[in-house]
Amino acid sequence: MAANPIKITDTTFRDAHQSLLATRLEMADMEPVAAAMDEIGFHSMEVWGGATFDAATRFLNEDPWERLRTFKRLMPNTPLMMLLRGQSLVGYRAYADDVVDTFIDRAAQVGIDIFRVFDALNDEWNLEQAARAVKASGKHLQMAICYSITEGGRLGGPIYSLDYYVDRARRFQDMGADSICIKDMGGLLAPYDAFDLVTALKPVLNVPLQLHTHYTSGMASMTVLKAIEAGVDVVDTCLAPLAMRTAQPAIEPLEVALRGTERDCGLDLAAILEVGDYLESVLPKYRHLMQDSKSAVIDVRVLDHQIPGGMASNLISQLREANALDRLEEVLAELPRTRRDLGNPPLVTPMSQMIGSQSVSNVLFGRYAMVSDQVREYASGMYGRPPALLDPEVRSIALRGDARDGRPITGKPSALLAPELERAAEQVRPLSDDLEDVLTYALFPSTGMRFLRVKYGMDPRPGSSAPAAQSPEQPETLPEKSSRARAFNVFVEGSVYSVEVDPLQSTPSAIAAQPQRPTAAPAPAAAAAASAPTLAAEGEAAITAPMPGIVLRYVVEVGQSVAAGDPVLVLEAMKMENTLPSPISGLVKSLSFDAGVTVSKDDVLAVIAP
Ligand code: CO
């Protein structure tokens, strides 16, 4: 036995497949080795939370609560961990306190031993309720600090300095954390910075310190090793078949590297290899989910621009959608500026999408000419407190036309939320009065209800999640894609599907002007309006679509008077809701489309007469 063995948290059944396989690993493929994993002697295993709850109900038709119950039954000896997004639990928005309390209480009863709780802004306000609920359940509260950097690629600078992390760790410990985790979701933590960070944190903590990182940039194995040298207590790894790339570093080489040292982890390599062989045998059916077309398994660009890998690919697809891929360099240069304007939040979901889309918009249409509703909400304080102050001018632009009349909220955002559980229970009652079903619905009303209807036999079980390429109906050879092919996001009940549409006829503009509803009926009025756009007369101002999108709603009526800068309509583009303002003061002369209609770039959406 080593003097101070490093403890290992295995992420194979959660973060590893969330990172590499879009969270699609089916329970049936984990069950056969669960007992063997339980025997290996991991400090803990992360098996639940993050996107697994959403993916299980949305794509796999598996009850996430049953999954947890099965894990607990098959792995009674290893503490089970889940990742919890603070007040947002396993969802994408903040839930009311009653949902937070009930969800955590039930998860603890069903089998979670360690709750890893984090907030994208590292704001205690978004963590308080969850922390209190975990303590009340008697389980282990791990509080994670999202690791972030600004420019230069290294720890330090005006915000994310050693002092910042020490301060967060102290506060989280004071909130009752039973352990602290450094959560480096972007793979940005450099090895020697990890050494300095662990060295600075250890003396101020009287609870264990854990490191969670991702391989993305290629530094993770070195980073983990330096953290171990500096005395970190626990590190996250996964089994080799699901390791590296954007997932965690592999346990196998680490076990051998540390063997015989004072930090020897003491795990049985032979037993790990046996489970690895099994995983190798089931993973080929998931290969279509591994989206790497490049030769490199690491994303070295991340080291250059410090933009997390997933975020960079989002930016590229947004630019491609706007037909402006040539402006990528400008967007990469704009991104740190936009981030600074918005208080330098960590680039983690949902901030990464928000900052990314705003940067694209700033480059294509001018800085803050178009502000997404998400950025507006963020500026008003609904996401919590950013690490630094927002640029005052940008903030006032963002808050113009805000629902609270430009006044930011002053307290904890979740305090504004009324209890939600009772209403959820009423909605689910015709199907079930099981609390777990109620929680599933409360978290994901649309996909959750779809799942419950299948579960209770009201709807047939949808087809398998097998890729289209394997389906027998698929023609053997695909027609060649022409240069007219355009990518669209299709939004269905809270899910988004990316499709590419390649018109068969030769007029490329014909398709884009049609509403996206598949219909053989005569063209509705909106399409007529699109084919004969209302043109602005001399002196009038036309509001045009800056990029392809969907008209979500108009916030004015024809004949209404507006001031320059007042919101006119909300366009969904780049997965964000964007409010388009009036360029001049005047009267609304015409509104060209119905809500829900897909418009193409440069379509006239409204005309304002002075
Ligand atoms: Co992670």
# chains A, B, ... in the order shown; residues from 1 in each chain; ligands from 1
$ residues_near_ligand --ligand "ligand 1" --cutoff "9 Å" --atoms "only C-alpha atoms and all ligand atoms" --output "list in words"
Thr11, Arg14, Asp15, Ala16, Gln18, Ser19, Gly50, Leu83, Lys183, Asp184, Met185, Gly186, His212, Thr213, His214, Thr246, Ala247 and Gln248 of chain A
$ select_by_dssp --residues "stretch 101-314 of chain A" --states "strand (DSSP E or B)" --output "number ranges by chain"
A: 114-117, 140-146, 179-184, 209-213, 234-238, 250
$ write_last_selection --atoms "C-alpha atoms" --output "short mmCIF file (atom, residue, chain, number, x, y, z; two decimals), in the first residue's frame"
data_model
loop_
_atom_site.label_atom_id
_atom_site.label_comp_id
_atom_site.auth_asym_id
_atom_site.auth_seq_id
_atom_site.Cartn_x
_atom_site.Cartn_y
_atom_site.Cartn_z
CA ILE A 114 -21.87 12.08 -4.07
CA PHE A 115 -23.41 15.18 -5.64
CA ARG A 116 -20.95 17.21 -7.70
CA VAL A 117 -22.60 20.61 -7.84
CA HIS A 140 -21.64 13.95 0.19
CA LEU A 141 -21.66 17.51 -1.18
CA GLN A 142 -18.87 18.14 -3.64
CA MET A 143 -18.76 21.72 -4.90
CA ALA A 144 -16.97 22.28 -8.19
CA ILE A 145 -15.27 25.46 -9.38
CA CYS A 146 -15.42 25.93 -13.15
CA SER A 179 -14.94 18.15 -0.99
CA ILE A 180 -13.91 20.69 -3.63
CA CYS A 181 -13.39 19.97 -7.30
CA ILE A 182 -11.57 21.94 -9.97
CA LYS A 183 -13.71 21.38 -13.04
CA ASP A 184 -11.80 22.05 -16.27
CA LEU A 209 -9.49 18.31 -3.40
CA GLN A 210 -10.39 16.63 -6.70
CA LEU A 211 -9.42 17.41 -10.30
CA HIS A 212 -11.71 16.95 -13.29
CA THR A 213 -10.26 17.77 -16.69
CA VAL A 234 -8.71 12.49 -6.24
CA VAL A 235 -8.57 12.63 -10.06
CA ASP A 236 -11.12 11.74 -12.73
CA THR A 237 -10.19 9.24 -15.45
CA CYS A 238 -12.01 6.73 -17.60
CA ALA A 250 -7.19 7.03 -19.52
#
$ residues_around --residues "A:Met290" --least-positions-apart "2" --cutoff "8 Å" --atoms "only C-alpha atoms" --output "PyMOL selection string"
chain A and resi 20-21+286-288+292
$ residues_around --residues "A:Ala51" --least-positions-apart "2" --cutoff "8 Å" --atoms "only C-alpha atoms" --output "number ranges by chain"
A: 18, 23, 49, 53-55, 90-91
$ residues_around --residues "A:Asp373" --least-positions-apart "5" --cutoff "10 Å" --atoms "only C-alpha atoms" --output "short mmCIF file (atom, residue, chain, number, x, y, z; two decimals) with C-alpha atoms, in the first residue's frame"
data_model
loop_
_atom_site.label_atom_id
_atom_site.label_comp_id
_atom_site.auth_asym_id
_atom_site.auth_seq_id
_atom_site.Cartn_x
_atom_site.Cartn_y
_atom_site.Cartn_z
CA MET A 354 -24.29 33.01 -25.70
CA TYR A 378 -27.85 37.53 -18.67
CA ALA A 379 -27.29 41.31 -18.57
CA ALA A 398 -28.65 44.91 -23.97
CA LEU A 399 -31.30 45.97 -21.46
CA ASP A 402 -36.17 44.36 -21.57
CA VAL A 570 -37.68 38.42 -32.49
CA LEU A 571 -35.81 36.27 -35.00
CA GLU A 572 -34.47 32.90 -34.06
CA MET A 576 -30.47 32.14 -30.19
CA GLU A 577 -33.46 34.44 -30.01
CA ASN A 578 -32.46 37.79 -31.46
CA THR A 579 -34.46 40.97 -31.05
#
$ residues_around --residues "stretch 41-46 of chain A" --least-positions-apart "6" --cutoff "9 Å" --atoms "only C-alpha atoms" --output "list in words"
Lys7, Ile8, Thr9, Asp10, Thr11, Thr12, Phe13, Arg14, Asp15, Asn77, Thr78, Pro79, Leu80, Met81, Met82, Leu83, Asp113, Ile114, Val234, Gly266, Leu267 and Asp268 of chain A
$ write_last_selection --atoms "N, CA, C and O atoms" --output "compact mmCIF listing (two decimals), in the first residue's frame"
# COMPACT_ATOMS: atom_id res chain seq x y z
N LYS A 7 -6.67 8.70 -5.28
CA LYS A 7 -7.98 8.07 -5.45
C LYS A 7 -8.50 8.39 -6.86
O LYS A 7 -8.26 9.47 -7.38
N ILE A 8 -9.23 7.44 -7.41
CA ILE A 8 -9.66 7.57 -8.81
C ILE A 8 -11.20 7.56 -8.89
O ILE A 8 -11.85 6.65 -8.39
N THR A 9 -11.73 8.61 -9.54
CA THR A 9 -13.15 8.60 -9.91
C THR A 9 -13.24 8.19 -11.37
O THR A 9 -12.59 8.80 -12.22
N ASP A 10 -14.03 7.17 -11.64
CA ASP A 10 -14.19 6.72 -13.03
C ASP A 10 -15.40 7.40 -13.65
O ASP A 10 -16.48 7.43 -13.07
N THR A 11 -15.23 7.93 -14.89
CA THR A 11 -16.32 8.65 -15.56
C THR A 11 -16.87 7.90 -16.77
O THR A 11 -17.66 8.46 -17.54
N THR A 12 -16.44 6.63 -16.95
CA THR A 12 -16.81 5.90 -18.18
C THR A 12 -18.31 5.92 -18.46
O THR A 12 -18.74 6.07 -19.60
N PHE A 13 -19.12 5.77 -17.40
CA PHE A 13 -20.57 5.64 -17.60
C PHE A 13 -21.30 6.99 -17.64
O PHE A 13 -22.52 7.04 -17.69
N ARG A 14 -20.56 8.13 -17.57
CA ARG A 14 -21.23 9.43 -17.68
C ARG A 14 -20.45 10.37 -18.60
O ARG A 14 -20.70 10.43 -19.79
N ASP A 15 -19.45 11.07 -18.06
CA ASP A 15 -18.83 12.12 -18.86
C ASP A 15 -18.13 11.57 -20.10
O ASP A 15 -18.16 12.20 -21.16
N ASN A 77 -20.99 -1.38 -3.93
CA ASN A 77 -19.81 -1.09 -3.10
C ASN A 77 -19.10 0.22 -3.44
O ASN A 77 -18.36 0.75 -2.63
N THR A 78 -19.33 0.71 -4.66
CA THR A 78 -18.63 1.93 -5.08
C THR A 78 -19.58 3.12 -4.95
O THR A 78 -20.70 3.08 -5.48
N PRO A 79 -19.15 4.18 -4.25
CA PRO A 79 -20.02 5.36 -4.16
C PRO A 79 -20.35 5.91 -5.56
O PRO A 79 -19.46 6.04 -6.40
N LEU A 80 -21.62 6.18 -5.81
CA LEU A 80 -22.05 6.67 -7.12
C LEU A 80 -22.17 8.19 -7.09
O LEU A 80 -22.72 8.76 -6.15
N MET A 81 -21.65 8.82 -8.14
CA MET A 81 -21.65 10.28 -8.20
C MET A 81 -22.51 10.77 -9.36
O MET A 81 -22.62 10.09 -10.37
N MET A 82 -23.11 11.94 -9.18
CA MET A 82 -23.80 12.60 -10.29
C MET A 82 -23.29 14.02 -10.43
O MET A 82 -22.81 14.62 -9.46
N LEU A 83 -23.41 14.57 -11.66
CA LEU A 83 -23.09 15.97 -11.91
C LEU A 83 -24.38 16.77 -11.91
O LEU A 83 -25.33 16.42 -12.61
N ASP A 113 -24.62 8.92 -4.09
CA ASP A 113 -23.89 9.10 -2.83
C ASP A 113 -23.12 10.41 -2.79
O ASP A 113 -22.91 10.99 -1.74
N ILE A 114 -22.66 10.85 -3.98
CA ILE A 114 -21.87 12.08 -4.07
C ILE A 114 -22.51 12.99 -5.11
O ILE A 114 -22.71 12.57 -6.26
N VAL A 234 -7.96 13.36 -5.34
CA VAL A 234 -8.71 12.49 -6.24
C VAL A 234 -8.60 13.05 -7.66
O VAL A 234 -8.62 14.27 -7.85
N GLY A 266 -3.10 1.67 -6.64
CA GLY A 266 -3.43 0.34 -6.11
C GLY A 266 -4.55 -0.39 -6.83
O GLY A 266 -5.09 -1.37 -6.32
N LEU A 267 -4.91 0.08 -8.05
CA LEU A 267 -5.97 -0.61 -8.78
C LEU A 267 -5.37 -1.78 -9.58
O LEU A 267 -4.19 -1.78 -9.91
N ASP A 268 -6.24 -2.75 -9.90
CA ASP A 268 -5.81 -3.97 -10.57
C ASP A 268 -5.91 -3.78 -12.09
O ASP A 268 -7.00 -3.79 -12.66
$ closest_residue --among "A:Arg154, A:Arg423, A:Arg385, A:His17" --to "A:Gly411" --atoms "only C-alpha atoms"
A:Arg385
$ residues_around --residues "A:Asp167" --least-positions-apart "4" --cutoff "12 Å" --atoms "only C-alpha atoms" --output "ChimeraX atom specification"
/A:122-124,145,159-163,171-174,200-201,204-205
$ write_last_selection --atoms "all heavy atoms" --output "compact mmCIF listing (two decimals), in the first residue's frame"
# COMPACT_ATOMS: atom_id res chain seq x y z
N ASN A 122 -19.89 30.20 -11.32
CA ASN A 122 -19.31 30.00 -9.98
C ASN A 122 -19.99 30.90 -8.94
O ASN A 122 -19.36 31.37 -7.99
CB ASN A 122 -17.79 30.28 -9.98
CG ASN A 122 -17.02 29.25 -10.78
OD1 ASN A 122 -17.36 28.05 -10.78
ND2 ASN A 122 -15.98 29.69 -11.46
N ASP A 123 -21.28 31.17 -9.14
CA ASP A 123 -22.03 32.08 -8.28
C ASP A 123 -22.74 31.30 -7.17
O ASP A 123 -23.59 30.44 -7.46
CB ASP A 123 -23.05 32.86 -9.13
CG ASP A 123 -23.81 33.90 -8.32
OD1 ASP A 123 -23.67 33.92 -7.07
OD2 ASP A 123 -24.55 34.69 -8.94
N GLU A 124 -22.44 31.63 -5.93
CA GLU A 124 -23.05 30.90 -4.80
C GLU A 124 -24.56 30.95 -4.82
O GLU A 124 -25.23 30.03 -4.35
CB GLU A 124 -22.62 31.47 -3.43
CG GLU A 124 -21.18 31.59 -3.16
CD GLU A 124 -20.65 32.97 -3.50
OE1 GLU A 124 -20.62 33.29 -4.70
OE2 GLU A 124 -20.26 33.69 -2.58
N ILE A 145 -15.57 24.12 -8.87
CA ILE A 145 -15.27 25.46 -9.38
C ILE A 145 -14.95 25.31 -10.86
O ILE A 145 -14.03 24.58 -11.22
CB ILE A 145 -14.04 26.06 -8.68
CG1 ILE A 145 -14.18 25.98 -7.15
CG2 ILE A 145 -13.80 27.49 -9.13
CD1 ILE A 145 -12.88 26.30 -6.40
N ILE A 159 -8.76 38.36 -13.67
CA ILE A 159 -9.92 37.70 -13.08
C ILE A 159 -9.61 36.32 -12.55
O ILE A 159 -9.73 36.05 -11.35
CB ILE A 159 -11.07 37.64 -14.11
CG1 ILE A 159 -11.49 39.06 -14.45
CG2 ILE A 159 -12.26 36.85 -13.53
CD1 ILE A 159 -12.36 39.16 -15.66
N TYR A 160 -9.20 35.43 -13.45
CA TYR A 160 -9.01 34.03 -13.05
C TYR A 160 -7.59 33.79 -12.53
O TYR A 160 -6.80 33.06 -13.09
CB TYR A 160 -9.36 33.11 -14.21
CG TYR A 160 -10.80 33.29 -14.63
CD1 TYR A 160 -11.14 33.96 -15.81
CD2 TYR A 160 -11.83 32.83 -13.81
CE1 TYR A 160 -12.47 34.15 -16.16
CE2 TYR A 160 -13.16 33.03 -14.16
CZ TYR A 160 -13.47 33.69 -15.34
OH TYR A 160 -14.78 33.87 -15.67
N SER A 161 -7.30 34.45 -11.41
CA SER A 161 -5.99 34.35 -10.79
C SER A 161 -6.04 33.28 -9.69
O SER A 161 -7.11 32.77 -9.36
CB SER A 161 -5.65 35.70 -10.15
OG SER A 161 -6.65 36.00 -9.18
N LEU A 162 -4.90 32.98 -9.12
CA LEU A 162 -4.87 32.06 -7.98
C LEU A 162 -5.80 32.55 -6.87
O LEU A 162 -6.52 31.76 -6.26
CB LEU A 162 -3.44 31.94 -7.43
CG LEU A 162 -2.53 30.89 -8.06
CD1 LEU A 162 -1.17 30.92 -7.37
CD2 LEU A 162 -3.14 29.50 -7.98
N ASP A 163 -5.80 33.88 -6.65
CA ASP A 163 -6.66 34.45 -5.61
C ASP A 163 -8.14 34.14 -5.87
O ASP A 163 -8.90 33.87 -4.94
CB ASP A 163 -6.49 35.97 -5.52
CG ASP A 163 -5.17 36.35 -4.89
OD1 ASP A 163 -4.54 35.47 -4.27
OD2 ASP A 163 -4.77 37.52 -5.02
N ARG A 171 -15.10 29.97 -0.05
CA ARG A 171 -16.54 30.20 0.07
C ARG A 171 -17.32 28.90 -0.02
O ARG A 171 -18.27 28.67 0.74
CB ARG A 171 -17.03 31.10 -1.08
CG ARG A 171 -16.70 32.56 -0.90
CD ARG A 171 -16.96 33.29 -2.21
NE ARG A 171 -16.48 34.65 -2.16
CZ ARG A 171 -17.25 35.71 -1.88
NH1 ARG A 171 -18.52 35.55 -1.64
NH2 ARG A 171 -16.74 36.92 -1.84
N PHE A 172 -16.93 28.04 -0.96
CA PHE A 172 -17.65 26.78 -1.14
C PHE A 172 -17.47 25.89 0.09
O PHE A 172 -18.40 25.21 0.52
CB PHE A 172 -17.18 26.06 -2.41
CG PHE A 172 -17.61 26.73 -3.69
CD1 PHE A 172 -17.25 26.20 -4.93
CD2 PHE A 172 -18.40 27.87 -3.69
CE1 PHE A 172 -17.65 26.80 -6.12
CE2 PHE A 172 -18.80 28.50 -4.87
CZ PHE A 172 -18.42 27.95 -6.09
N GLN A 173 -16.28 25.90 0.65
CA GLN A 173 -16.05 25.12 1.87
C GLN A 173 -16.94 25.64 3.00
O GLN A 173 -17.53 24.86 3.74
CB GLN A 173 -14.58 25.20 2.25
CG GLN A 173 -14.23 24.40 3.49
CD GLN A 173 -12.73 24.30 3.71
OE1 GLN A 173 -12.10 23.30 3.41
NE2 GLN A 173 -12.15 25.38 4.25
N ASP A 174 -17.05 26.96 3.07
CA ASP A 174 -17.91 27.56 4.11
C ASP A 174 -19.39 27.22 3.89
O ASP A 174 -20.19 27.28 4.82
CB ASP A 174 -17.74 29.08 4.14
CG ASP A 174 -16.37 29.49 4.67
OD1 ASP A 174 -15.71 28.63 5.28
OD2 ASP A 174 -15.97 30.66 4.46
N ALA A 200 -1.67 25.92 -4.05
CA ALA A 200 -2.30 27.06 -3.36
C ALA A 200 -3.58 26.64 -2.63
O ALA A 200 -3.90 27.20 -1.57
CB ALA A 200 -2.63 28.15 -4.38
N LEU A 201 -4.31 25.69 -3.17
CA LEU A 201 -5.61 25.34 -2.58
C LEU A 201 -5.47 24.40 -1.38
O LEU A 201 -6.24 24.50 -0.42
CB LEU A 201 -6.51 24.68 -3.64
CG LEU A 201 -7.06 25.59 -4.73
CD1 LEU A 201 -7.84 24.78 -5.77
CD2 LEU A 201 -7.97 26.67 -4.13
N VAL A 204 -5.49 25.79 2.26
CA VAL A 204 -6.67 26.52 2.75
C VAL A 204 -7.88 25.60 2.90
O VAL A 204 -8.92 26.01 3.41
CB VAL A 204 -7.06 27.72 1.85
CG1 VAL A 204 -5.92 28.71 1.75
CG2 VAL A 204 -7.51 27.26 0.47
N LEU A 205 -7.75 24.36 2.46
CA LEU A 205 -8.88 23.43 2.52
C LEU A 205 -8.70 22.42 3.64
O LEU A 205 -7.60 21.90 3.84
CB LEU A 205 -9.03 22.68 1.19
CG LEU A 205 -9.44 23.50 -0.03
CD1 LEU A 205 -9.46 22.62 -1.28
CD2 LEU A 205 -10.80 24.15 0.18
